[in-house]
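*Asks:* Below you'll find the structure I mean.
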Amino acid sequence: MKKKLRIKKNDEFQNVFQNGESFANRQFVVYVLDKPNQDYFRIGLSVSKKMGNAVVRNQIKRYIRQSFLELMDDIKIGRDYVVIARKPTSEMDFFQVKKSLIHVLKRSNSFAFKRKPINKD
């Protein structure tokens, strides 16, 4: 993930928590903050030590980052996202994580589906 696409500083996380809107399902809580003057989206990740050891936590973060990379063309720009993983995530594989993220992002109205033009030839 490129540096400009990440949220790393505590005050940036706090800004999203305090001013953003939250959406959740069983596996994730996603905070979304609109930033209209920003022409890309940024993500911040939070995986608690309750999820498991460092290996498990890093694997969950890799799954989330890869899901966002694969969905990059469909996610609305001009927003900051903070993703908090919940306990059930520690037993999930990549495809389950991606499916669950898609579900919660749809709830947050964060998809900008680009429809392919229909040729009427």
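By convention in this document, the chains of the structure tokens carry letters A, B, ... by their order, each chain's residues are numbered from 1, and ligands are numbered from 1 in the order they are shown.
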For A:Val97, list every protein, DNA or RNA residue within 9 Å, evaluated using only C-alpha atoms, and leave out those in the same chain fewer than 6 positions away; present the list as an MDAnalysis selection string.

*Replies:* chainID A and resid 27 60 63:64 67 89

*Asks:* Save the residues we just selected, C-alpha atoms, as a PDB file, in the first residue's frame?

*Replies:*
```
ATOM      1  CA  GLN A  27     -16.457  -9.080  11.565  1.00  0.00           C
ATOM      2  CA  ILE A  60      -5.514 -10.125   9.142  1.00  0.00           C
ATOM      3  CA  TYR A  63      -5.918  -9.667   4.068  1.00  0.00           C
ATOM      4  CA  ILE A  64      -7.630  -6.306   4.619  1.00  0.00           C
ATOM      5  CA  SER A  67      -8.961  -6.641  -0.276  1.00  0.00           C
ATOM      6  CA  THR A  89     -11.938 -12.371  11.703  1.00  0.00           C
TER       7      THR A  89
END
```

*Asks:* Have a look at atom CA of A:Glu91 and atom CA of A:Lys49 and let me know their distance in Å, one decimal.

*Replies:* 14.6 Å

*Asks:* Find the residues around A:Ser108 up to 8 Å (only C-alpha atoms counted), leave out those fewer than 2 positions away in its own chain, and share them as a CSV table (one decimal) with N, CA and C atoms, in the first residue's frame.

*Replies:*
```
chain,number,residue,atom,x,y,z
A,22,SER,N,-19.9,5.5,11.5
A,22,SER,CA,-19.5,4.1,11.6
A,22,SER,C,-20.5,3.2,11.0
A,23,PHE,N,-20.0,2.1,10.5
A,23,PHE,CA,-20.9,1.0,9.9
A,23,PHE,C,-20.2,-0.3,10.3
A,32,VAL,N,-16.0,6.0,8.4
A,32,VAL,CA,-15.9,6.6,7.1
A,32,VAL,C,-16.0,8.1,7.4
A,104,VAL,N,-19.8,-4.7,4.4
A,104,VAL,CA,-19.8,-3.5,5.3
A,104,VAL,C,-19.6,-2.3,4.5
A,105,LEU,N,-18.8,-2.3,3.4
A,105,LEU,CA,-18.6,-1.1,2.6
A,105,LEU,C,-19.8,-0.8,1.8
A,106,LYS,N,-20.6,-1.8,1.4
A,106,LYS,CA,-21.9,-1.6,0.7
A,106,LYS,C,-22.8,-0.9,1.7
A,110,SER,N,-20.0,3.1,0.1
A,110,SER,CA,-18.7,3.4,-0.3
A,110,SER,C,-18.3,2.9,-1.6
```

*Asks:* What lies within 12 Å of A:Lys9 using only C-alpha atoms, ignoring chain neighbours under 3 positions off, as a list of chain:residue names?

*Replies:*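 Surrounding residues, per the criterion: A:Arg6, A:Glu12, A:Phe13, A:Gln14, A:Asn15, A:Val16, A:Ile43, A:Gly44, A:Leu45, A:Val82.
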
*Asks:* Pick out the residues sitting within 10 Å of A:Arg26, and hand them over as a list in words; count only C-alpha atoms, and ignore anything fewer than 4 positions along from it in its own chain.

*Replies:*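 Contacts, with the query itself left out: Ala85, Arg86, Lys87, Pro88, Thr89, Ser100 and Val104 of chain A.
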
*Asks:* Report as a PyMOL selection string: the residues of chain A with a DSSP assignment of alpha helix (DSSP H), based on the backbone of this structure.

*Replies:* chain A and resi 10-19+54-70+94-107

*Asks:* When you draw a straight line from atom CA of A:Tyr81 to atom CA of A:Asn53, how long is it in Å?

*Replies:*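 Between atom CA of A:Tyr81 and atom CA of A:Asn53 the gap works out to 24.4 Å.
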
*Asks:* Taking into account only C-alpha atoms, which residue in the set A:Arg57, A:Lys98, A:Lys8, A:Lys50 is nearest to A:Leu71?

*Replies:*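 Of A:Arg57, A:Lys98, A:Lys8, A:Lys50, the one nearest A:Leu71 is A:Lys98, counting only C-alpha atoms.
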
*Asks:* Pick from A:Asp34, A:Asp93, A:Glu70, A:Asp39: nearest to A:Phe17, with only C-alpha atoms counted?

*Replies:* A:Asp34
